[in-house]
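Asker: See coords.pdb below, with PDB, C-alpha atoms, pLDDT in the B column.
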```
MODEL        1
ATOM      1  CA  MET A   1     109.829 120.183 127.801  1.00 47.00           C
ATOM      2  CA  SER A   2     106.691 119.220 129.707  1.00 48.00           C
ATOM      3  CA  TYR A   3     107.203 118.058 133.281  1.00 48.00           C
ATOM      4  CA  VAL A   4     104.568 115.840 134.739  1.00 49.00           C
ATOM      5  CA  LYS A   5     104.267 113.878 137.937  1.00 48.00           C
ATOM      6  CA  LEU A   6     104.140 110.232 136.956  1.00 52.00           C
ATOM      7  CA  ASN A   7     103.373 107.279 139.195  1.00 54.00           C
ATOM      8  CA  ASN A   8     106.373 105.323 137.886  1.00 53.00           C
ATOM      9  CA  GLY A   9     108.936 107.772 139.308  1.00 55.00           C
ATOM     10  CA  TYR A  10     109.792 109.715 136.153  1.00 51.00           C
ATOM     11  CA  SER A  11     109.915 113.449 136.630  1.00 56.00           C
ATOM     12  CA  ASN A  12     109.415 114.274 132.985  1.00 61.00           C
ATOM     13  CA  LEU A  13     107.744 112.908 129.903  1.00 64.00           C
ATOM     14  CA  ASP A  14     111.103 112.590 128.147  1.00 62.00           C
ATOM     15  CA  GLY A  15     112.259 109.909 130.616  1.00 60.00           C
ATOM     16  CA  LEU A  16     109.088 107.915 130.130  1.00 57.00           C
ATOM     17  CA  MET A  17     109.289 108.165 126.335  1.00 58.00           C
ATOM     18  CA  LYS A  18     112.911 106.988 126.361  1.00 60.00           C
ATOM     19  CA  GLU A  19     111.947 103.904 128.296  1.00 59.00           C
ATOM     20  CA  LEU A  20     108.940 103.158 126.125  1.00 57.00           C
ATOM     21  CA  PHE A  21     110.759 103.477 122.813  1.00 61.00           C
ATOM     22  CA  ASN A  22     114.403 102.720 123.591  1.00 58.00           C
ATOM     23  CA  GLU A  23     114.036 100.216 126.385  1.00 55.00           C
ATOM     24  CA  PHE A  24     110.896  98.422 125.199  1.00 52.00           C
ATOM     25  CA  PRO A  25     110.402  95.313 127.337  1.00 53.00           C
ATOM     26  CA  THR A  26     112.742  92.728 125.861  1.00 53.00           C
ATOM     27  CA  ALA A  27     110.454  89.762 126.391  1.00 49.00           C
ATOM     28  CA  VAL A  28     107.558  91.294 124.441  1.00 52.00           C
ATOM     29  CA  ASN A  29     109.840  92.649 121.715  1.00 52.00           C
ATOM     30  CA  LYS A  30     111.523  89.255 121.312  1.00 52.00           C
ATOM     31  CA  LEU A  31     108.182  87.427 121.257  1.00 50.00           C
ATOM     32  CA  VAL A  32     106.807  89.657 118.497  1.00 51.00           C
ATOM     33  CA  ARG A  33     109.976  89.343 116.392  1.00 50.00           C
ATOM     34  CA  GLU A  34     110.302  85.575 116.815  1.00 51.00           C
ATOM     35  CA  ASP A  35     106.654  84.895 116.044  1.00 50.00           C
ATOM     36  CA  PHE A  36     106.746  87.015 112.886  1.00 48.00           C
ATOM     37  CA  LEU A  37     110.045  85.661 111.632  1.00 45.00           C
ATOM     38  CA  SER A  38     109.341  81.989 112.344  1.00 59.00           C
ATOM     39  CA  TYR A  39     105.877  81.986 110.788  1.00 76.00           C
ATOM     40  CA  PRO A  40     105.634  84.589 108.026  1.00 89.00           C
ATOM     41  CA  PRO A  41     102.212  86.038 107.246  1.00 92.00           C
ATOM     42  CA  VAL A  42     100.533  85.016 104.013  1.00 94.00           C
ATOM     43  CA  ASN A  43      97.912  86.464 101.663  1.00 95.00           C
ATOM     44  CA  ILE A  44      96.053  84.240  99.203  1.00 95.00           C
ATOM     45  CA  THR A  45      94.149  85.971  96.412  1.00 96.00           C
ATOM     46  CA  ASP A  46      91.685  84.342  94.006  1.00 95.00           C
ATOM     47  CA  LYS A  47      92.378  85.848  90.601  1.00 95.00           C
ATOM     48  CA  GLU A  48      90.603  85.027  87.342  1.00 93.00           C
ATOM     49  CA  LYS A  49      93.148  82.512  86.045  1.00 94.00           C
ATOM     50  CA  MET A  50      95.185  81.731  89.166  1.00 95.00           C
ATOM     51  CA  TYR A  51      95.489  81.801  92.915  1.00 96.00           C
ATOM     52  CA  LEU A  52      98.251  84.107  94.144  1.00 97.00           C
ATOM     53  CA  VAL A  53     100.042  83.158  97.366  1.00 96.00           C
ATOM     54  CA  GLU A  54     102.159  85.960  98.866  1.00 97.00           C
ATOM     55  CA  LEU A  55     104.454  85.495 101.858  1.00 95.00           C
ATOM     56  CA  LEU A  56     106.004  88.477 103.614  1.00 93.00           C
ATOM     57  CA  VAL A  57     109.644  87.385 104.068  1.00 91.00           C
ATOM     58  CA  PRO A  58     112.025  90.377 103.913  1.00 89.00           C
ATOM     59  CA  GLY A  59     115.788  89.980 104.129  1.00 85.00           C
ATOM     60  CA  HIS A  60     116.121  86.784 102.125  1.00 89.00           C
ATOM     61  CA  GLU A  61     117.750  85.898  98.820  1.00 90.00           C
ATOM     62  CA  LYS A  62     115.978  83.918  96.096  1.00 93.00           C
ATOM     63  CA  SER A  63     118.286  80.981  96.788  1.00 92.00           C
ATOM     64  CA  ASP A  64     117.137  80.829 100.452  1.00 92.00           C
ATOM     65  CA  PHE A  65     113.726  79.393  99.562  1.00 94.00           C
ATOM     66  CA  ASN A  66     112.867  75.720  99.221  1.00 95.00           C
ATOM     67  CA  ILE A  67     109.542  75.226  97.445  1.00 96.00           C
ATOM     68  CA  LYS A  68     108.317  71.676  97.047  1.00 96.00           C
ATOM     69  CA  LEU A  69     105.120  70.059  95.787  1.00 95.00           C
ATOM     70  CA  ASP A  70     104.508  66.520  97.054  1.00 95.00           C
ATOM     71  CA  ASN A  71     101.125  64.760  96.835  1.00 92.00           C
ATOM     72  CA  ASN A  72      99.270  68.075  96.381  1.00 92.00           C
ATOM     73  CA  ILE A  73     100.968  69.638  99.427  1.00 94.00           C
ATOM     74  CA  LEU A  74     102.882  72.806  98.594  1.00 95.00           C
ATOM     75  CA  THR A  75     105.624  73.448 101.175  1.00 95.00           C
ATOM     76  CA  ILE A  76     107.652  76.657 101.370  1.00 95.00           C
ATOM     77  CA  SER A  77     110.614  76.770 103.750  1.00 93.00           C
ATOM     78  CA  THR A  78     113.969  78.380 104.513  1.00 91.00           C
ATOM     79  CA  GLU A  79     116.935  77.441 106.660  1.00 85.00           C
ATOM     80  CA  ALA A  80     118.179  79.646 109.498  1.00 76.00           C
ATOM     81  CA  LYS A  81     120.741  82.231 108.396  1.00 72.00           C
ATOM     82  CA  THR A  82     124.117  82.268 110.058  1.00 71.00           C
ATOM     83  CA  GLU A  83     125.581  85.591 111.095  1.00 68.00           C
ATOM     84  CA  ASN A  84     129.071  86.980 110.765  1.00 68.00           C
ATOM     85  CA  ALA A  85     130.614  86.387 114.202  1.00 69.00           C
ATOM     86  CA  GLU A  86     133.336  88.988 113.581  1.00 73.00           C
ATOM     87  CA  GLU A  87     130.899  91.907 113.645  1.00 75.00           C
ATOM     88  CA  LYS A  88     130.136  93.359 117.040  1.00 79.00           C
ATOM     89  CA  LYS A  89     126.567  94.585 117.127  1.00 76.00           C
ATOM     90  CA  ILE A  90     125.616  97.319 119.571  1.00 80.00           C
ATOM     91  CA  ARG A  91     121.934  96.445 119.243  1.00 81.00           C
ATOM     92  CA  LYS A  92     120.553  93.351 117.507  1.00 75.00           C
ATOM     93  CA  GLU A  93     116.916  93.124 116.499  1.00 75.00           C
ATOM     94  CA  PHE A  94     117.267  91.423 113.106  1.00 73.00           C
ATOM     95  CA  SER A  95     116.899  87.673 113.298  1.00 71.00           C
ATOM     96  CA  PHE A  96     116.190  85.299 110.428  1.00 73.00           C
ATOM     97  CA  LYS A  97     114.956  81.979 111.693  1.00 78.00           C
ATOM     98  CA  ALA A  98     113.959  78.996 109.601  1.00 85.00           C
ATOM     99  CA  PHE A  99     110.299  78.705 108.697  1.00 90.00           C
ATOM    100  CA  LYS A 100     108.044  76.200 107.013  1.00 92.00           C
ATOM    101  CA  ARG A 101     104.523  76.781 105.656  1.00 93.00           C
ATOM    102  CA  SER A 102     102.440  74.126 103.911  1.00 94.00           C
ATOM    103  CA  PHE A 103      99.264  74.397 101.866  1.00 94.00           C
ATOM    104  CA  THR A 104      97.075  71.610 100.497  1.00 94.00           C
ATOM    105  CA  LEU A 105      96.215  72.167  96.844  1.00 93.00           C
ATOM    106  CA  ASN A 106      93.022  70.883  95.310  1.00 91.00           C
ATOM    107  CA  ASN A 107      92.657  69.270  91.884  1.00 90.00           C
ATOM    108  CA  LYS A 108      91.752  72.631  90.290  1.00 91.00           C
ATOM    109  CA  ILE A 109      95.451  73.671  90.176  1.00 94.00           C
ATOM    110  CA  GLU A 110      97.611  73.119  87.101  1.00 94.00           C
ATOM    111  CA  THR A 111     100.596  71.891  89.123  1.00 93.00           C
ATOM    112  CA  GLU A 112     102.955  71.734  86.123  1.00 93.00           C
ATOM    113  CA  ARG A 113     102.744  75.523  85.674  1.00 95.00           C
ATOM    114  CA  ILE A 114     103.310  76.770  89.243  1.00 95.00           C
ATOM    115  CA  GLU A 115     105.707  79.734  89.282  1.00 96.00           C
ATOM    116  CA  ALA A 116     107.484  81.666  92.035  1.00 97.00           C
ATOM    117  CA  LEU A 117     108.915  85.189  92.133  1.00 96.00           C
ATOM    118  CA  TYR A 118     110.693  86.996  94.977  1.00 96.00           C
ATOM    119  CA  GLU A 119     110.792  90.789  94.938  1.00 95.00           C
ATOM    120  CA  ASN A 120     110.792  93.563  97.525  1.00 94.00           C
ATOM    121  CA  GLY A 121     110.632  91.116 100.455  1.00 92.00           C
ATOM    122  CA  VAL A 122     107.534  89.309  99.168  1.00 96.00           C
ATOM    123  CA  LEU A 123     107.594  85.743  97.827  1.00 96.00           C
ATOM    124  CA  LYS A 124     104.835  85.375  95.226  1.00 97.00           C
ATOM    125  CA  ILE A 125     103.686  81.954  94.091  1.00 96.00           C
ATOM    126  CA  GLY A 126     101.253  81.700  91.191  1.00 96.00           C
ATOM    127  CA  LEU A 127      98.981  78.661  91.185  1.00 96.00           C
ATOM    128  CA  PRO A 128      97.346  78.524  87.744  1.00 96.00           C
ATOM    129  CA  LYS A 129      93.795  77.241  87.616  1.00 95.00           C
ATOM    130  CA  LYS A 130      92.990  74.367  85.280  1.00 91.00           C
ATOM    131  CA  GLU A 131      90.885  75.221  82.266  1.00 85.00           C
ATOM    132  CA  ALA A 132      87.259  74.367  82.880  1.00 75.00           C
ATOM    133  CA  GLU A 133      86.378  71.281  80.957  1.00 65.00           C
ATOM    134  CA  ALA A 134      83.798  72.118  78.383  1.00 60.00           C
ATOM    135  CA  THR A 135      80.741  70.002  78.728  1.00 63.00           C
ATOM    136  CA  SER A 136      78.766  69.524  75.599  1.00 69.00           C
ATOM    137  CA  ALA A 137      75.007  69.444  75.756  1.00 74.00           C
ATOM    138  CA  LYS A 138      73.540  66.104  74.947  1.00 75.00           C
ATOM    139  CA  ASP A 139      70.003  64.770  74.646  1.00 78.00           C
ATOM    140  CA  ILE A 140      69.381  61.660  76.631  1.00 79.00           C
ATOM    141  CA  SER A 141      66.616  59.389  75.490  1.00 77.00           C
ATOM    142  CA  VAL A 142      64.424  57.576  77.950  1.00 86.00           C
ATOM    143  CA  GLN A 143      64.135  53.835  77.279  1.00 72.00           C
TER     144      GLN A 143
ENDMDL
END
```
Rewrite the coordinates I just gave you, this time as structure tokens.
Answerer:
Amino acid sequence: MSYVKLNNGYSNLDGLMKELFNEFPTAVNKLVREDFLSYPPVNITDKEKMYLVELLVPGHEKSDFNIKLDNNILTISTEAKTENAEEKKIRKEFSFKAFKRSFTLNNKIETERIEALYENGVLKIGLPKKEAEATSAKDISVQ
């Protein structure tokens, strides 16, 4: 083991490492967890025939999600999960809070064919693009 003189009073690197990794400052740890779990990150990809919306939401069941389309606003939400009070946790870092994300859809989306799939902690929502209306060429006479 390497011994070093540290300004924080630790006599060895092992003591410092234990504090950094096992006793990480609770306020920062809680802030990071709560921010991530209350506002899940999203990726939106423009594919040839659809837009793909992916939300990173591990630990949920398919039935946890509420997906609603109202006046071209797509809203994805969950309710807070309740925990089993009988279990005594020695350390608790998992927390599943309610979240709500909304996206405004334009008129290029075929709203009747929107589909959702949840697998491996990722909620995927396919937003099919409307077929481009074919415009026929036409001669216009000047009068």
Asker: Would you kindly translate the PyMOL selection byres ((chain A and resi 61) around 12) into the concrete residues it picks from this file, as a PyMOL selection string?
Answerer: chain A and resi 57-60+62-66+78-79+81+96+117-123
Asker: I'd like to see the residues matched by the PyMOL selection byres ((chain A and resi 45) around 12) on this file, and ideally I'd get them as a list in words.
Answerer: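 Given this file, the PyMOL selection byres ((chain A and resi 45) around 12) evaluates to Val42, Asn43, Ile44, Asp46, Lys47, Glu48, Lys49, Met50, Tyr51, Leu52, Val53, Glu54, Leu55, Lys124, Ile125, Gly126, Leu127 and Pro128 of chain A.
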Asker: Pick out the closest residue to A:Ala80 from this set: A:Lys138, A:Lys130, A:Lys100, A:Arg113. Count all atoms listed in the file.
Answerer: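 Of the candidates, the smallest distance to A:Ala80 is held by A:Lys100.
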Asker: For the atom pair atom CA of A:Glu112 and atom CA of A:Leu56, what is the interatomic distance in Å to one decimal place?
Answerer: 24.4 Å
Asker: Atom CA of A:Glu131 and atom CA of A:Asn106 are how many Å apart?
Answerer: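 Taking atom CA of A:Glu131 and atom CA of A:Asn106, their separation equals 13.9 Å.
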Asker: Take atom CA of A:Glu86 and atom CA of A:Phe99 and report the distance between them in Å, one decimal.
Answerer: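 Atom CA of A:Phe99 lies 25.7 Å from atom CA of A:Glu86.
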Asker: Which one of A:Ser102, A:Ser95, A:Thr111, A:Ser141 sits closest to A:Ser77 if you count only C-alpha atoms?
Answerer: A:Ser102
Asker: If I wrap all listed atoms of stretch 123-128 of chain A in a box with edges along x, y and z and add 6 Å on each side, what are its centre and edge lengths in Å to one decimal, as AutoDock Vina command-line options?
Answerer:
```
--center_x 102.5 --center_y 82.1 --center_z 92.8 --size_x 22.2 --size_y 19.2 --size_z 22.1
```
Asker: Which residue is closest to A:Leu74? Choose from A:Glu87, A:Val142, A:Glu115, A:Pro41 and count all atoms listed in the file.
Answerer: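 So, comparing all the options, the nearest one is A:Glu115.
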Asker: Once the PyMOL selection byres ((chain A and resi 73) around 12) has been applied to the shown file, what residues remain in the selection, as a PyMOL selection string?
Answerer: chain A and resi 67-72+74-76+101-107+109+111
Asker: With all atoms listed in the file as the atoms that count, which of A:Ala98, A:Lys108, A:Ile114, A:Lys92 lies nearest to A:Lys129?
Answerer: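 Between A:Ala98, A:Lys108, A:Ile114, A:Lys92, the residue approaching A:Lys129 most closely is A:Lys108.
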